[in-house]
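Student: Have a peek at run-v3.cif (mmCIF, C-alpha atoms).
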data_work
loop_
_atom_site.label_atom_id
_atom_site.label_comp_id
_atom_site.auth_asym_id
_atom_site.auth_seq_id
_atom_site.Cartn_x
_atom_site.Cartn_y
_atom_site.Cartn_z
CA MET A 1 -33.45 89.75 21.82
CA LYS A 2 -36.34 89.86 24.29
CA ILE A 3 -39.31 88.03 22.77
CA ALA A 4 -42.93 88.09 23.90
CA VAL A 5 -45.50 85.67 22.49
CA ILE A 6 -49.10 86.75 23.01
CA GLY A 7 -51.42 83.76 22.90
CA ALA A 8 -50.77 80.30 24.35
CA GLY A 9 -52.92 78.35 21.93
CA ALA A 10 -51.70 75.90 19.31
CA ILE A 11 -49.32 78.22 17.43
CA GLY A 12 -48.36 80.53 20.29
CA GLY A 13 -47.59 77.67 22.65
CA LEU A 14 -45.67 75.81 19.98
CA VAL A 15 -43.37 78.65 18.91
CA ALA A 16 -42.86 79.92 22.47
CA GLY A 17 -41.86 76.44 23.61
CA TYR A 18 -39.45 75.78 20.76
CA LEU A 19 -37.83 79.23 20.99
CA LYS A 20 -37.43 78.90 24.75
CA GLN A 21 -35.95 75.42 24.32
CA LYS A 22 -33.22 76.97 22.15
CA GLY A 23 -32.24 79.33 24.95
CA ASN A 24 -34.04 82.50 23.84
CA ASP A 25 -35.39 85.07 26.30
CA VAL A 26 -39.12 84.36 25.82
CA ALA A 27 -42.14 85.48 27.82
CA LEU A 28 -45.58 84.03 27.12
CA VAL A 29 -48.75 86.11 27.56
CA ALA A 30 -51.90 84.03 28.03
CA HIS A 31 -55.37 83.79 29.55
CA ALA A 32 -55.69 82.97 33.23
CA ASP A 33 -56.33 79.23 32.77
CA SER A 34 -53.19 78.82 30.69
CA VAL A 35 -51.13 81.00 33.03
CA ALA A 36 -52.07 78.83 36.00
CA ALA A 37 -51.44 75.54 34.18
CA ILE A 38 -48.09 76.58 32.69
CA ARG A 39 -46.80 78.05 35.95
CA ARG A 40 -47.74 74.84 37.73
CA ASP A 41 -46.72 72.19 35.19
CA GLY A 42 -44.64 73.91 32.52
CA LEU A 43 -45.32 73.93 28.77
CA HIS A 44 -45.44 70.53 27.08
CA ILE A 45 -45.22 69.81 23.35
CA ALA A 46 -45.61 66.38 21.75
CA GLY A 47 -45.96 65.27 18.14
CA VAL A 48 -43.68 65.05 15.13
CA ARG A 49 -40.53 65.95 17.09
CA HIS A 50 -39.25 64.60 20.38
CA GLU A 51 -41.38 65.61 23.36
CA VAL A 52 -40.48 69.00 24.77
CA SER A 53 -41.14 70.26 28.30
CA VAL A 54 -39.98 73.76 29.22
CA ARG A 55 -40.35 76.18 32.05
CA ILE A 56 -41.24 79.59 30.67
CA ASP A 57 -42.17 82.99 32.09
CA VAL A 58 -45.92 83.35 31.67
CA THR A 59 -48.26 86.19 32.59
CA ASP A 60 -51.65 87.61 31.64
CA HIS A 61 -50.29 90.97 30.49
CA LEU A 62 -47.38 92.38 28.52
CA ALA A 63 -45.25 93.96 31.21
CA CYS A 64 -42.23 95.26 29.28
CA SER A 65 -41.25 96.57 25.86
CA PRO A 66 -39.98 93.48 24.01
CA ASP A 67 -37.65 93.68 21.05
CA LEU A 68 -40.06 91.36 19.22
CA THR A 69 -43.70 90.64 19.99
CA ILE A 70 -45.22 87.63 18.24
CA LEU A 71 -48.99 87.98 18.02
CA ALA A 72 -50.47 84.47 18.16
CA THR A 73 -54.08 85.28 19.01
CA LYS A 74 -56.90 84.42 16.61
CA SER A 75 -57.81 87.04 14.00
CA GLN A 76 -61.13 87.78 15.69
CA ASP A 77 -59.33 88.55 18.99
CA LEU A 78 -56.60 90.71 17.53
CA ASP A 79 -58.28 94.09 17.89
CA ASP A 80 -58.96 93.56 21.60
CA CYS A 81 -55.40 92.26 22.06
CA MET A 82 -53.91 95.38 20.48
CA ARG A 83 -56.16 97.72 22.41
CA TYR A 84 -54.90 96.19 25.65
CA HIS A 85 -51.24 95.50 24.88
CA ALA A 86 -50.23 98.07 22.23
CA PRO A 87 -48.76 100.64 24.68
CA CYS A 88 -45.96 98.13 25.38
CA MET A 89 -45.24 97.55 21.69
CA LYS A 90 -44.43 101.08 20.52
CA THR A 91 -40.67 100.65 20.18
CA GLY A 92 -40.19 97.01 19.21
CA LEU A 93 -41.05 94.94 16.16
CA VAL A 94 -44.39 93.15 15.98
CA LEU A 95 -44.91 89.92 14.03
CA THR A 96 -48.42 88.89 12.95
CA THR A 97 -49.19 85.17 12.51
CA GLN A 98 -52.95 85.19 11.94
CA ASN A 99 -54.81 83.42 9.17
CA GLY A 100 -56.54 85.66 6.66
CA VAL A 101 -55.35 88.94 5.20
CA ARG A 102 -56.58 91.59 7.65
CA ALA A 103 -54.19 91.23 10.61
CA ASP A 104 -51.57 93.72 9.47
CA GLU A 105 -54.14 96.49 8.89
CA ILE A 106 -55.68 95.84 12.32
CA VAL A 107 -52.28 96.09 14.02
CA ALA A 108 -51.41 99.22 12.01
CA GLN A 109 -54.22 101.07 13.78
CA TYR A 110 -52.19 100.87 16.98
CA ILE A 111 -48.47 100.91 16.14
CA PRO A 112 -46.27 102.39 13.37
CA ARG A 113 -46.52 100.50 10.09
CA LEU A 114 -42.75 100.30 9.75
CA ASN A 115 -42.63 98.21 12.96
CA ILE A 116 -44.91 95.50 11.56
CA VAL A 117 -43.63 92.27 10.05
CA SER A 118 -46.18 89.89 8.56
CA SER A 119 -45.89 86.11 8.61
CA ILE A 120 -47.52 82.96 7.27
CA VAL A 121 -47.48 79.80 9.36
CA MET A 122 -47.25 76.61 7.29
CA PHE A 123 -46.75 74.20 10.21
CA GLY A 124 -49.69 72.72 12.09
CA ALA A 125 -50.52 72.26 15.75
CA THR A 126 -53.42 71.52 18.10
CA ARG A 127 -54.01 72.84 21.62
CA LEU A 128 -54.99 69.79 23.65
CA LYS A 129 -55.57 71.69 26.90
CA PRO A 130 -53.92 74.63 28.69
CA GLY A 131 -50.15 74.22 28.50
CA ARG A 132 -50.26 71.10 26.28
CA ILE A 133 -49.71 71.31 22.53
CA MET A 134 -49.66 68.66 19.80
CA HIS A 135 -47.28 69.51 16.94
CA ASN A 136 -49.06 67.83 14.01
CA PHE A 137 -46.85 68.57 11.02
CA GLU A 138 -43.78 70.53 9.97
CA GLY A 139 -43.70 73.50 7.63
CA ASP A 140 -42.02 76.80 6.86
CA TRP A 141 -42.47 80.13 8.60
CA ILE A 142 -42.68 82.83 5.92
CA ILE A 143 -42.06 86.46 6.89
CA GLY A 144 -41.94 89.82 5.16
CA LYS A 145 -42.79 93.46 5.69
CA PRO A 146 -46.31 94.26 4.47
CA PHE A 147 -46.01 98.05 4.22
CA SER A 148 -42.37 98.65 3.28
CA PRO A 149 -39.43 96.83 1.67
CA ASN A 150 -37.72 94.13 3.70
CA ASP A 151 -34.65 95.34 5.57
CA ALA A 152 -31.97 94.12 7.98
CA THR A 153 -34.47 93.80 10.82
CA VAL A 154 -36.39 91.17 8.85
CA ALA A 155 -33.21 89.17 8.37
CA THR A 156 -32.53 89.42 12.12
CA ILE A 157 -36.00 88.12 12.96
CA ALA A 158 -35.61 85.32 10.41
CA GLY A 159 -32.40 84.24 12.13
CA VAL A 160 -34.21 83.96 15.46
CA LEU A 161 -37.35 82.22 14.16
CA ASP A 162 -35.25 79.78 12.13
CA GLN A 163 -34.25 78.17 15.43
CA ALA A 164 -37.84 76.92 15.71
CA PHE A 165 -38.94 76.45 12.07
CA PRO A 166 -37.31 76.91 8.65
CA THR A 167 -37.90 80.61 8.01
CA VAL A 168 -38.29 82.12 4.53
CA VAL A 169 -38.10 85.86 3.83
CA SER A 170 -40.55 86.89 1.11
CA ASP A 171 -40.94 90.03 -0.97
CA THR A 172 -44.42 88.89 -2.05
CA ILE A 173 -45.99 88.34 1.37
CA SER A 174 -49.36 89.83 0.36
CA GLY A 175 -49.85 87.50 -2.61
CA MET A 176 -48.77 84.57 -0.44
CA LYS A 177 -51.31 85.47 2.25
CA TYR A 178 -54.11 85.43 -0.30
CA LEU A 179 -52.98 81.99 -1.48
CA LYS A 180 -52.93 80.85 2.17
CA LEU A 181 -56.64 81.76 2.26
CA PHE A 182 -57.18 78.84 -0.11
CA VAL A 183 -55.13 76.53 2.12
CA ASN A 184 -57.34 77.48 5.07
CA ALA A 185 -60.62 77.56 3.16
CA ASN A 186 -61.31 73.88 3.92
CA ASN A 187 -61.00 74.40 7.71
CA CYS A 188 -64.71 75.18 7.69
CA ILE A 189 -65.62 71.55 6.88
CA PRO A 190 -64.36 69.94 10.13
CA GLY A 191 -65.89 72.93 11.92
CA ILE A 192 -69.29 72.14 10.43
CA LEU A 193 -69.05 68.37 10.98
CA GLY A 194 -67.25 68.35 14.33
CA VAL A 195 -64.69 65.74 13.23
CA SER A 196 -60.98 65.66 12.44
CA MET A 197 -59.68 66.68 9.05
CA GLN A 198 -58.64 63.08 8.40
CA GLU A 199 -62.17 61.81 9.05
CA ALA A 200 -63.88 64.61 7.12
CA PHE A 201 -61.70 64.38 4.02
CA ALA A 202 -61.64 60.60 3.82
CA ASP A 203 -64.98 61.10 2.04
CA GLU A 204 -64.41 62.19 -1.56
CA LYS A 205 -67.82 63.87 -1.75
CA VAL A 206 -66.77 66.14 1.13
CA CYS A 207 -63.50 66.77 -0.70
CA ALA A 208 -65.51 67.83 -3.74
CA ILE A 209 -66.97 70.64 -1.62
CA SER A 210 -63.45 71.87 -0.85
CA ILE A 211 -62.49 71.88 -4.52
CA ALA A 212 -65.71 73.75 -5.31
CA LEU A 213 -64.78 76.31 -2.64
CA TRP A 214 -61.41 76.73 -4.34
CA LYS A 215 -62.99 77.16 -7.77
CA GLU A 216 -65.39 79.78 -6.50
CA GLY A 217 -62.66 81.56 -4.52
CA LEU A 218 -60.36 81.64 -7.54
CA ALA A 219 -63.07 83.26 -9.64
CA VAL A 220 -63.56 85.93 -6.96
CA VAL A 221 -59.82 86.62 -6.60
CA ASN A 222 -59.44 86.91 -10.38
CA THR A 223 -62.35 89.36 -10.54
CA ALA A 224 -60.70 91.41 -7.79
CA GLY A 225 -57.43 91.48 -9.73
CA ILE A 226 -55.44 89.99 -6.86
CA LYS A 227 -52.14 88.40 -7.83
CA LEU A 228 -51.48 85.19 -5.93
CA ALA A 229 -47.92 84.12 -5.06
CA SER A 230 -46.67 80.57 -4.48
CA LEU A 231 -46.00 79.29 -0.99
CA PRO A 232 -42.96 77.02 -0.39
CA ASP A 233 -45.15 74.01 0.48
CA PHE A 234 -48.14 74.99 -1.65
CA PRO A 235 -47.22 76.24 -5.14
CA LEU A 236 -49.82 78.24 -7.02
CA GLU A 237 -49.58 75.62 -9.76
CA ARG A 238 -51.19 73.04 -7.43
CA LEU A 239 -54.26 75.22 -6.93
CA MET A 240 -54.52 75.92 -10.65
CA LYS A 241 -54.17 72.25 -11.61
CA LEU A 242 -56.68 70.93 -9.09
CA THR A 243 -59.29 73.57 -9.93
CA ALA A 244 -58.87 72.85 -13.66
CA MET A 245 -59.49 69.10 -13.23
CA PRO A 246 -62.88 67.39 -13.29
CA LEU A 247 -64.29 67.80 -9.78
CA ARG A 248 -64.37 64.09 -8.88
CA GLU A 249 -60.78 63.55 -10.04
CA ALA A 250 -59.52 66.56 -8.08
CA ALA A 251 -61.47 65.47 -5.00
CA LYS A 252 -59.76 62.07 -5.02
CA ILE A 253 -56.31 63.68 -5.10
CA PHE A 254 -57.30 66.19 -2.42
CA SER A 255 -58.51 63.36 -0.17
CA GLY A 256 -55.17 61.60 -0.43
CA ILE A 257 -53.34 64.76 0.60
CA MET A 258 -55.57 65.62 3.55
CA VAL A 259 -55.85 62.22 5.23
CA ASN A 260 -52.06 61.98 5.33
CA LEU A 261 -51.34 65.43 6.79
CA SER A 262 -50.79 64.15 10.31
CA LYS A 263 -50.71 60.86 12.20
CA ALA A 264 -52.42 62.52 15.16
CA PRO A 265 -55.97 63.86 14.65
CA LEU A 266 -55.89 67.33 13.11
CA TYR A 267 -58.91 69.52 13.75
CA GLY A 268 -58.12 72.83 12.10
CA SER A 269 -58.32 76.29 13.61
CA ILE A 270 -62.09 76.71 13.25
CA LEU A 271 -63.07 73.50 15.02
CA GLN A 272 -60.47 74.08 17.74
CA SER A 273 -62.13 77.42 18.54
CA ILE A 274 -65.62 75.91 18.52
CA LYS A 275 -64.55 73.09 20.86
CA ARG A 276 -63.29 75.71 23.30
CA GLY A 277 -66.59 77.61 23.15
CA LYS A 278 -64.94 80.50 21.30
CA GLN A 279 -65.91 82.43 18.19
CA SER A 280 -64.05 81.05 15.17
CA GLU A 281 -62.12 82.92 12.50
CA ILE A 282 -64.54 81.91 9.72
CA ASP A 283 -65.26 85.56 8.82
CA PHE A 284 -61.53 86.09 8.18
CA ILE A 285 -61.18 83.03 5.92
CA ASN A 286 -64.22 82.00 3.89
CA GLY A 287 -65.81 85.29 4.89
CA GLU A 288 -62.96 87.10 3.14
CA PHE A 289 -64.06 85.62 -0.20
CA VAL A 290 -67.63 86.75 0.54
CA LEU A 291 -66.42 90.27 1.33
CA LEU A 292 -64.29 90.40 -1.83
CA ALA A 293 -67.22 89.21 -3.92
CA ARG A 294 -69.49 91.94 -2.55
CA THR A 295 -66.80 94.59 -3.00
CA PHE A 296 -66.27 93.67 -6.65
CA LYS A 297 -69.94 93.12 -7.51
CA THR A 298 -69.79 89.37 -7.93
CA VAL A 299 -71.00 86.41 -5.84
CA ALA A 300 -69.55 83.63 -3.69
CA PRO A 301 -72.65 81.63 -2.62
CA LEU A 302 -70.81 78.48 -1.49
CA HIS A 303 -68.45 80.44 0.75
CA GLU A 304 -71.41 82.42 2.04
CA LYS A 305 -73.25 79.18 2.85
CA VAL A 306 -70.39 77.62 4.83
CA VAL A 307 -69.94 80.86 6.79
CA VAL A 308 -73.62 80.73 7.78
CA MET A 309 -73.30 77.05 8.75
CA VAL A 310 -70.23 77.61 10.93
CA HIS A 311 -71.96 80.49 12.70
CA GLU A 312 -74.96 78.23 13.32
CA VAL A 313 -72.66 75.64 14.92
CA GLU A 314 -71.11 78.37 17.07
CA ARG A 315 -74.54 79.57 18.15
CA THR A 316 -76.21 76.20 18.79
CA ASN A 317 -73.20 74.04 19.70
CA LYS A 318 -74.69 71.39 17.41
CA PHE A 319 -72.72 69.99 14.48
CA PHE A 320 -74.19 69.01 11.12
CA SER A 321 -74.17 65.45 9.87
CA LYS A 322 -72.36 64.65 6.65
CA ASP A 323 -75.69 64.16 4.83
CA GLU A 324 -76.96 67.51 6.11
CA LEU A 325 -73.79 69.19 4.84
CA LEU A 326 -74.07 67.58 1.41
CA ARG A 327 -77.75 68.55 1.09
CA SER A 328 -77.07 72.11 2.23
CA VAL A 329 -74.40 72.82 -0.39
CA ASN A 330 -75.63 70.58 -3.21
CA GLN A 331 -77.08 73.50 -5.20
CA PHE A 332 -73.66 75.21 -5.28
CA VAL A 333 -71.75 72.17 -6.60
CA PRO A 334 -72.07 70.85 -10.19
CA GLU A 335 -75.10 68.60 -10.54
CA GLY A 336 -74.52 64.92 -9.81
CA VAL A 337 -71.18 65.28 -8.05
CA LEU A 338 -72.63 65.06 -4.53
#
Go ahead and render the structure in this file as structure tokens.

Tutor:
Amino acid sequence: MKIAVIGAGAIGGLVAGYLKQKGNDVALVAHADSVAAIRRDGLHIAGVRHEVSVRIDVTDHLACSPDLTILATKSQDLDDCMRYHAPCMKTGLVLTTQNGVRADEIVAQYIPRLNIVSSIVMFGATRLKPGRIMHNFEGDWIIGKPFSPNDATVATIAGVLDQAFPTVVSDTISGMKYLKLFVNANNCIPGILGVSMQEAFADEKVCAISIALWKEGLAVVNTAGIKLASLPDFPLERLMKLTAMPLREAAKIFSGIMVNLSKAPLYGSILQSIKRGKQSEIDFINGEFVLLARTFKTVAPLHEKVVVMVHEVERTNKFFSKDELLRSVNQFVPEGVL
């Protein structure tokens, strides 16, 4: 199977490196700075596994018709990516990896729906600089067809991806992707503060904001009639239990989970984009709850507030202090908690 990975950031670099290490025919499509660095020095991965250094074909355009194209760009870059590369994807399968729930519909504007396989990434990584990736923590790779029943092609892809990460085939990929929105909903906090997840969520008051985001998001999803489905490493029961607890108690538990996610600093997708001077995917994560709320005639003021704050950081390149964050969202969190 000829595999192309578009995007040499944290996830794209990680999966391309691991798949190439296992002997697969992999080509990496990247921006010019990454192309130059990887051609010169190779692709290097450090972190929770042994260090990996591989030589890999890398270019700035998709030059052939791969059997499988793995789209590892950010959600906000996906439309431009498809506009440029879609002519080379007409015959092969295309795997989306983006956070949020809109990627499959964006890709379906350019290629046949039956060729699209959706996926959810539960492992974590950080792009340190072009060609250098930190693998922060392990996790499953969940795949499934979003527009048709799973078939033999999905099983074939699972067999290939399983060489890099434990791969799970799901018949409820849509409900899982909506639950993953909750997993990613706290990425906005490091993006607002400009610190690692471990540093941000060591503070239980900051963790209370995340639980409040979950509570508000759950109310919106319930109003919209969306059925959530458990993820292998994040069962729906965990979300339901934490959101049903008193806020301070849930925040304490949440803090313990987050500070132990990774030994190496973990920054989250939103802060990684901001640090690179790029637009973040906030509109596809917390912004999705805002959009759902408007569509179903309800409100999501806390999600709306953090979206505005992240966009302000993007625009000004100035992070908020912890006190500024707490003051800004205090009115949307139960009185006295912050």

Student: With stretch 107-116 of chain A as the partner and 10 Å as the cut-off, tabulate the residues of stretch 34-77 of chain A that qualify, each row holding the nearest pair of atoms and their distance in Å to one decimal, using all atoms listed in the file, sorted by chain and rising number, as a tab-separated table.

Tutor:
residue	atom	partner	partner_atom	distance
A:Leu68	CA	A:Asn115	CA	9.6
A:Thr69	CA	A:Ile116	CA	9.8
A:Leu71	CA	A:Val107	CA	9.6

Student: Skipping near chain neighbours, those fewer than 4 positions away, what residues fall within 9 Å of A:Val54 using all atoms listed in the file, listed as a list in words?

Tutor: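 Counting all atoms listed in the file, the residues come to Gly17, Tyr18, Lys20, Gln21, Gly42, Leu43, His44 and Ile45 of chain A.
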
Student: Using all atoms listed in the file, which residues sit within 12 Å of A:Ala155 once same-chain residues fewer than 5 positions away are excluded, as a ChimeraX atom specification?

Tutor: /A:117,142-145,149-150,160-162,167-170

Student: Rounded to one decimal in Å, what is the spacing between atom CA of A:Met134 and atom CA of A:Leu266?

Tutor: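 Those two atoms sit 9.2 Å apart.
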
Student: Running the PyMOL selection byres ((chain A and resi 73) around 10) on this model by hand, what would come out? Give it as a PDB file with C-alpha atoms, keeping the file's coordinate frame.

Tutor:
ATOM      1  CA  VAL A   5     -45.500  85.670  22.490  1.00  0.00           C
ATOM      2  CA  ILE A   6     -49.100  86.750  23.010  1.00  0.00           C
ATOM      3  CA  GLY A   7     -51.420  83.760  22.900  1.00  0.00           C
ATOM      4  CA  ALA A   8     -50.770  80.300  24.350  1.00  0.00           C
ATOM      5  CA  GLY A   9     -52.920  78.350  21.930  1.00  0.00           C
ATOM      6  CA  ALA A  10     -51.700  75.900  19.310  1.00  0.00           C
ATOM      7  CA  ILE A  11     -49.320  78.220  17.430  1.00  0.00           C
ATOM      8  CA  GLY A  12     -48.360  80.530  20.290  1.00  0.00           C
ATOM      9  CA  ALA A  30     -51.900  84.030  28.030  1.00  0.00           C
ATOM     10  CA  ILE A  70     -45.220  87.630  18.240  1.00  0.00           C
ATOM     11  CA  LEU A  71     -48.990  87.980  18.020  1.00  0.00           C
ATOM     12  CA  ALA A  72     -50.470  84.470  18.160  1.00  0.00           C
ATOM     13  CA  LYS A  74     -56.900  84.420  16.610  1.00  0.00           C
ATOM     14  CA  SER A  75     -57.810  87.040  14.000  1.00  0.00           C
ATOM     15  CA  GLN A  76     -61.130  87.780  15.690  1.00  0.00           C
ATOM     16  CA  ASP A  77     -59.330  88.550  18.990  1.00  0.00           C
ATOM     17  CA  LEU A  78     -56.600  90.710  17.530  1.00  0.00           C
ATOM     18  CA  ASP A  79     -58.280  94.090  17.890  1.00  0.00           C
ATOM     19  CA  ASP A  80     -58.960  93.560  21.600  1.00  0.00           C
ATOM     20  CA  CYS A  81     -55.400  92.260  22.060  1.00  0.00           C
ATOM     21  CA  THR A  96     -48.420  88.890  12.950  1.00  0.00           C
ATOM     22  CA  THR A  97     -49.190  85.170  12.510  1.00  0.00           C
ATOM     23  CA  GLN A  98     -52.950  85.190  11.940  1.00  0.00           C
TER      24      GLN A  98
END

Student: Quick check, in Å to one decimal: how far apart do atom CA of A:Asn24 and atom CA of A:Met82 lie?

Tutor: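 About the pair atom CA of A:Asn24 and atom CA of A:Met82: they are 23.9 Å apart.
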
Student: Would you work out the distance separating atom CA of A:Ala164 from atom CA of A:Glu138, expressed in Å to one decimal?

Tutor: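 Atom CA of A:Glu138 lies at a distance of 10.4 Å from atom CA of A:Ala164.
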
Student: Given the point (-48.8, 70.1, 17.7) in the file's coordinates, find the residues that have an atom at most 8 Å from it, counting only C-alpha atoms, and give them as a list in words.

Tutor: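 Within the cut-off we find Ala10, Leu14, Ile45, Ala46, Gly47, Val48, Gly124, Ala125, Thr126, Arg127, Ile133, Met134, His135, Asn136 and Phe137 of chain A.
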
Student: May I ask which of the residues A:Ile192, A:Leu93, A:Ala103, A:Val337 is the closest one to A:Thr156, counting only C-alpha atoms?

Tutor: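 That would be A:Leu93, the residue with the smallest distance to A:Thr156.
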
Student: For a quick check of understanding, using only C-alpha atoms, which of A:Val299, A:Met89, A:Leu239, A:Val35 has the smallest distance to A:Ala63?

Tutor: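 Among the listed residues, A:Met89 lies closest to A:Ala63.
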
Student: Given the PyMOL selection byres ((chain A and resi 293) around 12) and the file above, list the residues it selects as a list in words.

Tutor: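 When the PyMOL selection byres ((chain A and resi 293) around 12) is applied, the selected residues are Glu216, Gly217, Leu218, Ala219, Val220, Val221, Asn222, Thr223, Ala224, Gly225, Asn286, Gly287, Glu288, Phe289, Val290, Leu291, Leu292, Arg294, Thr295, Phe296, Lys297, Thr298, Val299, Ala300, Pro301, Leu302, His303 and Glu304 of chain A.
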
Student: Could those residues be written to a file, using C-alpha atoms, as a compact mmCIF listing (two decimals), keeping the file's coordinate frame?

Tutor:
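Listed below is the output, selection-v3.txt:
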# COMPACT_ATOMS: atom_id res chain seq x y z
CA GLU A 216 -65.39 79.78 -6.50
CA GLY A 217 -62.66 81.56 -4.52
CA LEU A 218 -60.36 81.64 -7.54
CA ALA A 219 -63.07 83.26 -9.64
CA VAL A 220 -63.56 85.93 -6.96
CA VAL A 221 -59.82 86.62 -6.60
CA ASN A 222 -59.44 86.91 -10.38
CA THR A 223 -62.35 89.36 -10.54
CA ALA A 224 -60.70 91.41 -7.79
CA GLY A 225 -57.43 91.48 -9.73
CA ASN A 286 -64.22 82.00 3.89
CA GLY A 287 -65.81 85.29 4.89
CA GLU A 288 -62.96 87.10 3.14
CA PHE A 289 -64.06 85.62 -0.20
CA VAL A 290 -67.63 86.75 0.54
CA LEU A 291 -66.42 90.27 1.33
CA LEU A 292 -64.29 90.40 -1.83
CA ARG A 294 -69.49 91.94 -2.55
CA THR A 295 -66.80 94.59 -3.00
CA PHE A 296 -66.27 93.67 -6.65
CA LYS A 297 -69.94 93.12 -7.51
CA THR A 298 -69.79 89.37 -7.93
CA VAL A 299 -71.00 86.41 -5.84
CA ALA A 300 -69.55 83.63 -3.69
CA PRO A 301 -72.65 81.63 -2.62
CA LEU A 302 -70.81 78.48 -1.49
CA HIS A 303 -68.45 80.44 0.75
CA GLU A 304 -71.41 82.42 2.04
